[in-house]
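Novice: One file is attached below, protein.csv, containing CSV, C-alpha atoms and all ligand atoms.
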```
chain,number,residue,atom,x,y,z
A,24,MET,CA,-33.7,-0.5,-18.0
A,25,PRO,CA,-32.6,0.4,-14.4
A,26,GLN,CA,-32.0,4.1,-13.7
A,27,GLU,CA,-28.2,4.9,-13.5
A,28,ALA,CA,-27.4,6.0,-9.9
A,29,HIS,CA,-25.7,9.4,-9.7
A,30,VAL,CA,-22.2,9.3,-8.2
A,31,TYR,CA,-20.9,12.3,-6.2
A,32,SER,CA,-17.1,12.6,-6.1
A,33,TYR,CA,-15.1,14.4,-3.4
A,34,SER,CA,-11.3,14.8,-3.5
A,35,ALA,CA,-8.4,15.9,-1.3
A,36,VAL,CA,-4.7,15.5,-1.1
A,37,LEU,CA,-3.6,13.7,2.0
A,38,MET,CA,-0.5,11.5,2.8
A,39,GLY,CA,1.1,13.0,-0.3
A,40,SER,CA,-1.5,11.2,-2.4
A,41,PRO,CA,-4.6,12.2,-4.3
A,42,ILE,CA,-7.7,10.9,-2.4
A,43,LEU,CA,-11.0,10.3,-4.1
A,44,LEU,CA,-14.3,9.4,-2.4
A,45,LYS,CA,-17.4,8.4,-4.3
A,46,LEU,CA,-20.9,8.4,-2.8
A,47,PHE,CA,-24.4,8.0,-4.1
A,48,GLN,CA,-25.7,10.9,-2.0
A,49,HIS,CA,-24.5,14.5,-2.1
A,50,ASN,CA,-23.1,14.7,1.5
A,51,GLU,CA,-20.3,17.1,2.0
A,52,HIS,CA,-20.4,16.7,5.7
A,53,LEU,CA,-19.8,13.0,5.4
A,54,ALA,CA,-17.0,13.6,2.9
A,55,HIS,CA,-15.4,16.1,5.4
A,56,GLN,CA,-15.7,13.5,8.2
A,57,VAL,CA,-13.9,10.9,6.0
A,58,PHE,CA,-11.1,13.3,5.1
A,59,ARG,CA,-10.8,14.2,8.8
A,60,LEU,CA,-10.5,10.5,9.7
A,61,ILE,CA,-7.8,10.0,7.1
A,62,LYS,CA,-5.9,13.0,8.5
A,63,HIS,CA,-6.2,11.7,12.0
A,64,TYR,CA,-4.5,8.4,11.0
A,65,GLU,CA,-1.9,10.3,8.9
A,66,ASN,CA,-1.0,12.3,12.0
A,67,LEU,CA,-0.5,9.2,14.0
A,68,LEU,CA,1.4,7.2,11.4
A,69,THR,CA,3.4,9.6,9.2
A,70,VAL,CA,7.2,9.4,9.1
A,71,ASN,CA,7.5,12.6,7.1
A,72,ARG,CA,7.2,15.0,10.0
A,73,SER,CA,7.1,15.1,13.8
A,74,PRO,CA,5.3,14.6,16.0
A,75,SER,CA,3.5,11.3,15.2
A,76,GLU,CA,3.3,8.1,17.2
A,77,VAL,CA,5.6,6.4,14.7
A,78,MET,CA,8.1,9.3,14.8
A,79,ASN,CA,8.1,9.1,18.6
A,80,ILE,CA,9.0,5.4,18.4
A,81,ASN,CA,11.8,6.2,15.9
A,82,HIS,CA,13.2,9.0,18.0
A,83,ALA,CA,13.4,6.6,21.0
A,84,ALA,CA,15.3,3.9,19.0
A,85,GLY,CA,18.0,2.4,21.2
A,86,LEU,CA,16.8,4.4,24.2
A,87,HIS,CA,13.4,3.3,25.5
A,88,PRO,CA,10.0,1.7,24.7
A,89,VAL,CA,7.2,4.1,23.6
A,90,VAL,CA,3.6,3.4,24.6
A,91,VAL,CA,1.3,4.0,21.6
A,92,ASN,CA,-2.4,4.1,20.9
A,93,PRO,CA,-4.0,0.6,20.7
A,94,ALA,CA,-4.9,1.0,17.0
A,95,VAL,CA,-1.3,2.0,16.1
A,96,TYR,CA,0.0,-0.9,18.3
A,97,GLN,CA,-2.2,-3.5,16.5
A,98,LEU,CA,-1.1,-2.1,13.1
A,99,ILE,CA,2.6,-2.4,14.0
A,100,LYS,CA,2.0,-5.9,15.4
A,101,CYS,CA,0.4,-6.9,12.1
A,102,ALA,CA,3.3,-5.3,10.1
A,103,LYS,CA,5.9,-7.1,12.2
A,104,ALA,CA,4.1,-10.5,11.7
A,105,ALA,CA,4.1,-9.9,7.9
A,106,SER,CA,7.8,-9.0,8.1
A,107,LEU,CA,8.6,-12.3,9.8
A,108,LEU,CA,6.9,-14.6,7.3
A,109,PRO,CA,9.4,-16.9,5.6
A,110,ASN,CA,11.3,-15.1,2.9
A,111,SER,CA,9.2,-12.0,3.3
A,112,ALA,CA,10.0,-9.0,1.1
A,113,PHE,CA,7.9,-6.9,3.5
A,114,ASN,CA,9.9,-5.2,6.3
A,115,LEU,CA,8.3,-2.6,8.7
A,116,ALA,CA,11.8,-1.6,9.8
A,117,ILE,CA,12.9,-0.6,6.3
A,118,GLY,CA,13.0,3.1,7.4
A,119,PRO,CA,16.7,3.8,7.4
A,120,LEU,CA,16.9,2.6,3.8
A,121,VAL,CA,13.8,4.6,2.7
A,122,LYS,CA,15.3,7.7,4.3
A,123,CYS,CA,18.7,7.3,2.5
A,124,TRP,CA,17.3,6.6,-1.0
A,125,LYS,CA,14.5,9.3,-0.6
A,126,ILE,CA,12.7,7.8,-3.7
A,127,GLY,CA,9.6,9.9,-4.4
A,128,PHE,CA,11.0,12.8,-2.4
A,129,GLN,CA,13.4,15.6,-3.1
A,130,GLY,CA,17.1,14.7,-3.2
A,131,SER,CA,16.8,11.1,-4.3
A,132,SER,CA,20.1,9.5,-5.3
A,133,VAL,CA,21.9,6.2,-5.4
A,134,PRO,CA,23.5,5.9,-2.0
A,135,PRO,CA,27.1,4.6,-1.7
A,136,ALA,CA,27.3,0.8,-1.3
A,137,GLY,CA,28.8,1.2,2.2
A,138,GLU,CA,26.0,3.3,3.4
A,139,ILE,CA,23.4,0.8,2.1
A,140,SER,CA,25.1,-2.1,4.0
A,141,ALA,CA,25.4,0.0,7.1
A,142,ARG,CA,21.7,0.9,7.0
A,143,LEU,CA,20.7,-2.7,6.2
A,144,ALA,CA,22.2,-3.7,9.5
A,145,LEU,CA,19.5,-1.4,11.2
A,146,THR,CA,16.5,-3.1,9.6
A,147,SER,CA,15.9,-6.4,11.5
A,148,PRO,CA,12.2,-6.8,12.3
A,149,HIS,CA,13.3,-9.0,15.2
A,150,GLN,CA,14.7,-5.9,16.8
A,151,VAL,CA,11.2,-4.3,16.9
A,152,ILE,CA,10.2,-5.3,20.5
A,153,LEU,CA,6.5,-5.3,21.3
A,154,ASP,CA,4.8,-5.5,24.6
A,155,ASP,CA,1.2,-6.5,24.4
A,156,GLU,CA,0.4,-5.4,27.9
A,157,GLN,CA,1.8,-2.0,27.8
A,158,HIS,CA,1.1,-1.4,24.1
A,159,SER,CA,4.7,-0.3,23.8
A,160,VAL,CA,7.1,-0.5,20.9
A,161,PHE,CA,10.9,-0.5,21.3
A,162,LEU,CA,13.4,-0.3,18.5
A,163,ALA,CA,16.4,-2.1,20.1
A,164,GLN,CA,19.2,-0.5,18.1
A,165,ALA,CA,19.9,3.2,17.8
A,166,GLY,CA,19.3,4.4,14.3
A,167,MET,CA,16.4,2.0,13.6
A,168,GLU,CA,13.2,3.5,12.0
A,169,LEU,CA,9.8,2.1,11.3
A,170,ASP,CA,8.2,2.9,8.0
A,171,LEU,CA,4.6,1.9,7.5
A,172,GLY,CA,4.3,3.3,4.0
A,173,ALA,CA,3.5,-0.1,2.5
A,174,ILE,CA,0.7,-0.9,4.9
A,175,ALA,CA,-0.8,2.3,6.4
A,176,LYS,CA,-2.9,3.2,3.4
A,177,GLY,CA,-4.5,-0.2,3.4
A,178,TYR,CA,-5.2,0.0,7.1
A,179,ILE,CA,-6.7,3.5,6.7
A,180,ALA,CA,-8.9,2.4,3.7
A,181,ASP,CA,-10.4,-0.3,5.9
A,182,ARG,CA,-11.1,2.2,8.7
A,183,VAL,CA,-12.8,4.5,6.1
A,184,ARG,CA,-15.0,1.6,5.0
A,185,ASP,CA,-15.9,0.8,8.6
A,186,PHE,CA,-16.7,4.4,9.3
A,187,LEU,CA,-19.0,4.6,6.3
A,188,HIS,CA,-20.7,1.4,7.4
A,189,SER,CA,-21.3,2.9,10.9
A,190,GLN,CA,-23.0,5.8,9.1
A,191,GLN,CA,-25.3,3.4,7.2
A,192,VAL,CA,-23.5,3.9,3.9
A,193,PHE,CA,-23.1,0.6,2.2
A,194,GLN,CA,-22.2,1.8,-1.3
A,195,GLY,CA,-19.3,3.9,-2.3
A,196,LEU,CA,-15.6,3.9,-3.1
A,197,ILE,CA,-12.5,5.3,-1.5
A,198,ASN,CA,-9.2,5.6,-3.4
A,199,LEU,CA,-6.2,6.5,-1.4
A,200,GLY,CA,-3.8,6.5,-4.4
A,201,GLY,CA,-3.1,2.9,-5.2
A,202,ASN,CA,-5.5,1.5,-2.5
A,203,VAL,CA,-9.1,1.3,-3.7
A,204,GLN,CA,-11.7,0.0,-1.3
A,205,THR,CA,-15.2,-0.5,-2.7
A,206,LEU,CA,-18.4,-0.7,-0.7
A,207,GLY,CA,-21.2,-2.7,-2.4
A,208,GLY,CA,-21.6,-2.2,-6.1
A,209,ALA,CA,-21.6,0.8,-8.4
A,210,SER,CA,-25.4,1.3,-8.5
A,211,GLN,CA,-28.4,0.5,-6.3
A,212,VAL,CA,-29.1,-2.3,-8.8
A,213,SER,CA,-27.4,-5.4,-7.4
A,214,GLY,CA,-24.8,-7.0,-9.7
A,215,THR,CA,-23.4,-3.8,-11.0
A,216,PRO,CA,-19.7,-3.9,-10.1
A,217,TRP,CA,-17.3,-1.0,-9.7
A,218,SER,CA,-14.7,-0.7,-12.5
A,219,VAL,CA,-11.1,-0.2,-11.4
A,220,GLY,CA,-8.5,0.5,-14.1
A,221,LEU,CA,-5.3,-1.4,-14.3
A,222,LYS,CA,-2.7,1.2,-15.2
A,223,LYS,CA,-0.3,0.7,-18.1
A,224,PRO,CA,3.2,1.1,-16.6
A,225,PHE,CA,5.2,4.2,-17.6
A,226,ALA,CA,2.3,5.5,-19.8
A,227,GLY,CA,-0.1,8.4,-19.4
A,228,PRO,CA,-2.3,8.5,-16.3
A,229,ASP,CA,-5.4,7.4,-18.3
A,230,ASP,CA,-3.7,4.6,-20.3
A,231,LEU,CA,-5.1,1.3,-19.1
A,232,ILE,CA,-4.1,-2.3,-19.7
A,233,GLY,CA,-7.6,-3.4,-18.7
A,234,VAL,CA,-10.4,-3.1,-16.2
A,235,ILE,CA,-11.0,-5.0,-13.0
A,236,GLU,CA,-14.6,-5.3,-11.9
A,237,VAL,CA,-15.4,-5.9,-8.2
A,238,GLU,CA,-18.2,-5.4,-5.6
A,239,GLY,CA,-17.4,-4.8,-2.0
A,240,LYS,CA,-13.7,-5.7,-2.4
A,241,SER,CA,-10.4,-3.9,-2.0
A,242,VAL,CA,-8.1,-3.5,-5.1
A,243,VAL,CA,-4.5,-2.5,-4.2
A,244,THR,CA,-1.8,-1.9,-6.8
A,245,SER,CA,1.8,-1.4,-6.2
A,246,GLY,CA,4.0,-0.6,-9.1
A,247,THR,CA,7.6,0.2,-10.0
A,248,TYR,CA,6.3,3.1,-12.2
A,249,GLU,CA,4.7,5.1,-9.3
A,250,ARG,CA,7.7,6.6,-7.5
A,251,TRP,CA,11.1,6.4,-9.1
A,252,PHE,CA,14.1,8.3,-10.4
A,253,GLU,CA,16.6,7.7,-13.1
A,254,PHE,CA,20.3,7.8,-12.7
A,255,ALA,CA,23.0,6.9,-15.3
A,256,GLY,CA,20.3,5.4,-17.6
A,257,LYS,CA,18.9,3.1,-14.9
A,258,ARG,CA,15.5,3.5,-13.1
A,259,TYR,CA,15.3,3.1,-9.3
A,260,HIS,CA,11.8,2.6,-7.8
A,261,HIS,CA,10.5,2.8,-4.3
A,262,ILE,CA,9.9,-0.8,-3.3
A,263,LEU,CA,13.1,-1.9,-1.7
A,264,ASP,CA,14.4,-5.4,-1.3
A,265,PRO,CA,15.1,-5.8,2.4
A,266,ARG,CA,17.6,-8.5,1.6
A,267,THR,CA,19.8,-6.3,-0.5
A,268,GLY,CA,18.8,-2.7,0.3
A,269,TYR,CA,18.3,-1.9,-3.4
A,270,PRO,CA,15.0,-1.6,-5.3
A,271,LEU,CA,13.5,-5.0,-5.9
A,272,ASP,CA,14.6,-6.1,-9.4
A,273,ASN,CA,12.6,-8.9,-11.0
A,274,GLU,CA,10.3,-9.5,-13.9
A,275,LEU,CA,7.4,-7.4,-12.5
A,276,HIS,CA,6.1,-3.9,-13.3
A,277,SER,CA,3.2,-4.1,-11.0
A,278,VAL,CA,1.2,-6.3,-8.7
A,279,THR,CA,-2.5,-5.8,-7.9
A,280,ILE,CA,-4.2,-7.7,-5.0
A,281,VAL,CA,-8.0,-8.1,-4.8
A,282,SER,CA,-9.1,-9.1,-1.3
A,283,GLN,CA,-11.8,-8.2,1.3
A,284,ASP,CA,-9.5,-6.0,3.4
A,285,SER,CA,-7.2,-3.4,2.0
A,286,ILE,CA,-4.6,-4.1,4.6
A,287,ASP,CA,-4.2,-7.6,3.2
A,288,GLY,CA,-3.9,-6.0,-0.3
A,289,ASP,CA,-1.1,-3.8,0.9
A,290,ILE,CA,0.8,-6.6,2.6
A,291,TRP,CA,0.4,-9.1,-0.2
A,292,THR,CA,1.4,-6.7,-3.0
A,293,THR,CA,4.8,-6.4,-1.3
A,294,LEU,CA,5.0,-10.1,-0.6
A,295,MET,CA,4.2,-10.9,-4.2
A,296,TYR,CA,6.8,-8.4,-5.4
A,297,GLY,CA,9.4,-10.4,-3.5
A,298,MET,CA,8.2,-13.8,-4.8
A,299,GLY,CA,7.6,-13.0,-8.5
A,300,VAL,CA,4.9,-14.7,-10.7
A,301,ASP,CA,5.6,-18.4,-10.3
A,302,GLN,CA,6.3,-18.6,-6.6
A,303,GLY,CA,3.6,-16.0,-5.9
A,304,CYS,CA,0.9,-18.0,-7.8
A,305,ALA,CA,2.0,-21.2,-6.0
A,306,CYS,CA,1.8,-19.4,-2.6
A,307,LEU,CA,-1.7,-17.9,-3.3
A,308,ALA,CA,-3.1,-21.3,-4.4
A,309,ASN,CA,-3.3,-21.9,-0.6
A,310,LYS,CA,-4.8,-18.5,0.2
A,311,PRO,CA,-8.4,-18.2,-0.8
A,312,GLY,CA,-9.5,-14.6,-0.4
A,313,ILE,CA,-6.3,-13.1,-1.7
A,314,GLU,CA,-6.0,-12.9,-5.5
A,315,ALA,CA,-3.2,-11.3,-7.6
A,316,ILE,CA,-2.9,-9.7,-11.0
A,317,PHE,CA,0.8,-9.6,-12.0
A,318,VAL,CA,1.9,-7.3,-14.8
A,319,THR,CA,5.3,-8.4,-16.2
A,320,LYS,CA,8.0,-6.3,-18.0
A,321,ASP,CA,7.5,-8.6,-21.0
A,322,CYS,CA,3.8,-7.5,-21.3
A,323,ARG,CA,2.0,-10.4,-19.7
A,324,VAL,CA,-0.9,-10.1,-17.4
A,325,VAL,CA,-1.0,-13.1,-15.1
A,326,LEU,CA,-4.1,-13.8,-12.9
A,327,SER,CA,-3.5,-16.1,-9.8
A,328,SER,CA,-7.2,-17.0,-9.8
A,329,GLN,CA,-10.4,-15.1,-10.5
A,330,GLN,CA,-13.1,-15.8,-7.8
A,331,LEU,CA,-13.3,-12.2,-6.5
A,332,PHE,CA,-13.2,-10.2,-9.6
A,333,THR,CA,-13.5,-10.1,-13.4
A,334,PHE,CA,-10.8,-8.7,-15.6
A,335,THR,CA,-11.2,-7.4,-19.2
A,336,LEU,CA,-8.0,-6.8,-21.2
A,337,GLN,CA,-8.1,-3.7,-23.3
A,338,ASP,CA,-4.6,-3.2,-24.5
A,339,SER,CA,-3.7,-5.7,-27.2
A,340,SER,CA,0.0,-5.3,-26.7
A,341,TYR,CA,-0.5,-7.3,-23.5
A,342,GLN,CA,-1.1,-11.0,-23.3
A,343,LEU,CA,-3.6,-12.4,-20.7
A,344,VAL,CA,-2.2,-15.6,-19.1
A,401,LIG,P1,3.6,0.6,-1.7
A,401,LIG,O1,4.3,-0.3,-2.7
A,401,LIG,O2,2.4,0.1,-1.0
A,401,LIG,O3,4.7,0.9,-0.5
A,401,LIG,C1,6.0,1.4,-0.8
A,401,LIG,C2,6.4,2.2,0.3
A,401,LIG,O4,6.7,1.4,1.4
A,401,LIG,C3,7.8,2.9,0.0
A,401,LIG,O5,7.5,4.2,-0.5
A,401,LIG,C4,8.4,2.9,1.4
A,401,LIG,O6,7.9,3.9,2.2
A,401,LIG,C5,7.9,1.6,2.0
A,401,LIG,N1,8.7,0.4,1.6
A,401,LIG,C6,9.6,0.3,0.6
A,401,LIG,N2,10.1,-1.0,0.6
A,401,LIG,C7,9.5,-1.6,1.5
A,401,LIG,C8,9.6,-3.0,2.0
A,401,LIG,N3,10.4,-3.9,1.4
A,401,LIG,N4,8.8,-3.4,3.0
A,401,LIG,C9,7.9,-2.5,3.6
A,401,LIG,N5,7.8,-1.2,3.2
A,401,LIG,C10,8.6,-0.8,2.2
A,401,LIG,N6,4.2,10.9,0.5
A,401,LIG,C11,4.7,12.2,0.2
A,401,LIG,O7,5.2,12.5,-0.8
A,401,LIG,N7,4.5,13.2,1.2
A,401,LIG,C12,4.0,12.9,2.4
A,401,LIG,O8,3.9,13.8,3.2
A,401,LIG,C13,3.5,11.6,2.7
A,401,LIG,N8,2.9,11.3,3.9
A,401,LIG,C14,2.5,10.1,4.1
A,401,LIG,C15,1.9,9.8,5.3
A,401,LIG,C16,1.4,8.5,5.6
A,401,LIG,C17,0.7,8.2,6.9
A,401,LIG,C18,1.5,7.5,4.6
A,401,LIG,C19,0.9,6.1,4.8
A,401,LIG,C20,2.1,7.8,3.4
A,401,LIG,C21,2.6,9.1,3.1
A,401,LIG,N9,3.2,9.4,1.9
A,401,LIG,C22,3.6,10.6,1.7
A,401,LIG,C23,3.4,8.3,0.8
A,401,LIG,C24,4.5,7.4,1.3
A,401,LIG,O9,5.7,8.1,1.3
A,401,LIG,C25,4.7,6.2,0.3
A,401,LIG,O10,5.1,6.7,-1.0
A,401,LIG,C26,3.4,5.5,0.1
A,401,LIG,O11,2.9,5.1,1.3
A,401,LIG,C27,3.7,4.4,-0.8
A,401,LIG,O12,2.5,3.7,-1.0
A,401,LIG,P2,2.2,3.0,-2.3
A,401,LIG,O13,0.9,2.3,-2.1
A,401,LIG,O14,2.4,3.9,-3.4
A,401,LIG,O15,3.4,1.9,-2.4
A,402,MG,MG,0.4,0.6,-0.8
A,403,MG,MG,1.7,1.5,-4.7
```
Kindly transcribe the structure held in the file into structure tokens.
Ligand code: FAD
Ligand code: MG
Ligand code: MG
Specialist:
Amino acid sequence: MPQEAHVYSYSAVLMGSPILLKLFQHNEHLAHQVFRLIKHYENLLTVNRSPSEVMNINHAAGLHPVVVNPAVYQLIKCAKAASLLPNSAFNLAIGPLVKCWKIGFQGSSVPPAGEISARLALTSPHQVILDDEQHSVFLAQAGMELDLGAIAKGYIADRVRDFLHSQQVFQGLINLGGNVQTLGGASQVSGTPWSVGLKKPFAGPDDLIGVIEVEGKSVVTSGTYERWFEFAGKRYHHILDPRTGYPLDNELHSVTIVSQDSIDGDIWTTLMYGMGVDQGCACLANKPGIEAIFVTKDCRVVLSSQQLFTFTLQDSSYQLV
């Protein structure tokens, strides 16, 4: 019987999220470097306080382009491309709506309909003007705001993986709160996958629908049960429909994407939210390397395909489709 490898866990709170790093060697210095790297990107990308590169862009909306660091530029370019896909539910310019709903932050409330339509008019991704030579970003209308909340954690998870590889660490796990990036397997013995729990919506933190097993892959989950508030008996969650300005309302409680890169997981969870199960599965049939696990409100777990992971259902109140 192979010896179980010992796992060392390191935690922090960054980006308003619990961060967990697992390594197979006790190495506080390395863990510290990883948390510093995450902090570095948080400081560039946050929209929750100034200064950051993204806040500098937002403050200059309608006024002038802002030159940003090449990594930030490439991330914004990728986020704009995802926003311009046909019928995309992803929108990097969703900031004015996120700021007026404040879901997950103090003071969240249902904004007046007039305010939502006024803010919707400030969210066109076409109005995010990029200049590849200057690495500059210009928000063409005053009042526009970028929000990279649905993509930045994925980007950062991938940078952590690359950093660990550069340090000759090829086994481990980083969880940025919804974005899990695994390196290799869960033991030195090959063929031992990592187990990532699929959370049961609106249940206790340890209540799982089942377990996803992967090696060297990213597992990103986006759920309506993560950040929400209730008003007049109705729940409002933080994934907004860029077409209406209101939280996306369909048959889904959560979408999980398994992929190589976490940035794809982040983008595709949002795209899948917008499409729903049937259209989402049809779309992913032509996308090898991106696989989805949909959890519906009527307690179905739908797998788009299963080349990159295995899934074991644990909760018998759910039906695996
Ligand atoms: P996802 O489903 O991946 O993304 C949802 C988030 O994306 C929303 O919260 C909103 O920000 C945005 N969004 C909503 N609708 C759309 C849409 N249609 N298209 C594109 N984007 C959309 N949280 C705190 O509480 N305090 C902090 O100080 C804080 N700082 C952060 C700093 C950084 C750099 C980042 C990346 C996140 C930070 N967060 C913070 C968390 C952030 O506010 C979001 O809640 C978080 O990014 C949501 O990630 P998720 O994976 O849970 O949800
Ligand atoms: Mg996310
Ligand atoms: Mg999420």
Novice: For ligand MG 403 (chain A), return the neighbouring residues as a list in words (distance at most 6 Å; only C-alpha atoms and all ligand atoms).
Specialist: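 Within the 6 Å cut-off, the matching residues are Gly201, Thr244, Ser245 and Gly246 of chain A.
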Novice: Restrict the calculation to all atoms listed in the file, then for each residue of chain A with any atom at most 8 Å from an atom of ligand MG 402 (chain A) give the closest atom pair and their distance in Å to one decimal, rows by chain and rising residue number, as a Markdown table.
Specialist:
```
| residue | atom | partner | partner_atom | distance |
| --- | --- | --- | --- | --- |
| A:Gly172 | CA | A:MG402 | MG | 6.7 |
| A:Ala173 | CA | A:MG402 | MG | 4.6 |
| A:Ile174 | CA | A:MG402 | MG | 5.9 |
| A:Ala175 | CA | A:MG402 | MG | 7.5 |
| A:Lys176 | CA | A:MG402 | MG | 5.9 |
| A:Gly177 | CA | A:MG402 | MG | 6.5 |
| A:Gly201 | CA | A:MG402 | MG | 6.1 |
| A:Asn202 | CA | A:MG402 | MG | 6.2 |
| A:Val243 | CA | A:MG402 | MG | 6.7 |
| A:Thr244 | CA | A:MG402 | MG | 6.9 |
| A:Ser245 | CA | A:MG402 | MG | 5.9 |
| A:Gly288 | CA | A:MG402 | MG | 7.9 |
| A:Asp289 | CA | A:MG402 | MG | 4.9 |
| A:Ile290 | CA | A:MG402 | MG | 8.0 |
| A:Thr292 | CA | A:MG402 | MG | 7.7 |
```
Novice: With only C-alpha atoms and all ligand atoms as the basis for distance, which of A:Leu331, A:Ile152, A:Ala54, A:Val278 is at the shortest distance from ligand LIG 401 (chain A)?
Specialist: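 Closest residue, counting only C-alpha atoms and all ligand atoms: A:Val278.
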Novice: Can you work out which one of A:Thr319, A:Asn66, A:Gln97, A:Gln211 has the shortest atom-to-atom distance to A:Tyr341, counting only C-alpha atoms?
Specialist: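 Once distances to A:Tyr341 are computed over only C-alpha atoms, the minimum belongs to A:Thr319.
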Novice: Quick one: residues within 7 Å of A:Ile117, all atoms listed in the file counted, chain neighbours fewer than 4 positions away excluded, as number ranges by chain?
Specialist: A: 121, 146, 169-170, 265
Novice: So which one's closest to A:Thr267, A:Val212, A:Val89, A:Ala141, A:Ile126? Using all atoms listed in the file, please.
Specialist: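 Of all the options, A:Ala141 lies closest to A:Thr267.
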Novice: Could you name the residues that touch A:Val133 at 9 Å or less, counting all atoms listed in the file, but leaving out those on the same chain fewer than 2 positions away, as a VMD selection string?
Specialist: chain A and resid 123 to 124 131 135 to 136 254 259
Novice: Out of A:Glu51, A:Asp287, A:Glu253, A:Asp301, which residue has the shortest atom-to-atom distance to A:Ala105 when counting only C-alpha atoms?
Specialist: A:Asp287
Novice: Counting all atoms listed in the file, figure out which residue out of A:Leu145, A:Ile262, A:Val160, A:Val318 gets nearest to A:Thr293.
Specialist: A:Ile262
Novice: Would you work out the distance separating atom CA of A:Gly220 from atom CA of A:Glu236, expressed in Å to one decimal?
Specialist: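 Atom CA of A:Glu236 lies at a distance of 8.7 Å from atom CA of A:Gly220.
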Novice: Kindly extract all protein, DNA and RNA residues lying within 10 Å of the coordinates (-18.3, 9.6, -1.1) given in the file, considering all atoms listed in the file, and supply them as a compact mmCIF listing (two decimals) with C-alpha atoms, keeping the file's coordinate frame.
Specialist:
```txt
# COMPACT_ATOMS: atom_id res chain seq x y z
CA VAL A 30 -22.20 9.30 -8.20
CA TYR A 31 -20.90 12.30 -6.20
CA SER A 32 -17.10 12.60 -6.10
CA TYR A 33 -15.10 14.40 -3.40
CA SER A 34 -11.30 14.80 -3.50
CA LEU A 43 -11.00 10.30 -4.10
CA LEU A 44 -14.30 9.40 -2.40
CA LYS A 45 -17.40 8.40 -4.30
CA LEU A 46 -20.90 8.40 -2.80
CA PHE A 47 -24.40 8.00 -4.10
CA GLN A 48 -25.70 10.90 -2.00
CA HIS A 49 -24.50 14.50 -2.10
CA ASN A 50 -23.10 14.70 1.50
CA GLU A 51 -20.30 17.10 2.00
CA LEU A 53 -19.80 13.00 5.40
CA ALA A 54 -17.00 13.60 2.90
CA HIS A 55 -15.40 16.10 5.40
CA VAL A 57 -13.90 10.90 6.00
CA LEU A 187 -19.00 4.60 6.30
CA VAL A 192 -23.50 3.90 3.90
CA GLN A 194 -22.20 1.80 -1.30
CA GLY A 195 -19.30 3.90 -2.30
CA LEU A 196 -15.60 3.90 -3.10
CA ILE A 197 -12.50 5.30 -1.50
```
Novice: Counting all atoms listed in the file, which of A:Phe161, A:Phe58, A:Tyr269, A:Phe252 gets nearest to ligand LIG 401 (chain A)?
Specialist: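 Ranking A:Phe161, A:Phe58, A:Tyr269, A:Phe252 by distance to ligand LIG 401 (chain A), first place goes to A:Tyr269.
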Novice: Tell me, in Å to one decimal, how far atom CA of A:Gln190 is from atom CA of A:Gly207.
Specialist: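 Separation of atom CA of A:Gln190 and atom CA of A:Gly207: 14.4 Å.
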Novice: Excluding A:Val219 and residues on its chain fewer than 4 positions from it, collect all residues at most 12 Å away from it, counting all atoms listed in the file, and give them as a ChimeraX atom specification.
Specialist: /A:196-198,201-205,208-209,229,231-238,240-244,279,281,332-335
Novice: Quick one, how far is atom CA of A:Cys322 from atom C10 of ligand LIG 401 (chain A)?
Specialist: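 According to the coordinates, atom CA of A:Cys322 and atom C10 of ligand LIG 401 (chain A) are separated by 24.9 Å.
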Novice: Mind checking which residues fall within 7 Å of A:Pro270, counting all atoms listed in the file, ignoring those fewer than 2 positions away in the same chain, and posting them as a PyMOL selection string?
Specialist: chain A and resi 259-264+268+272
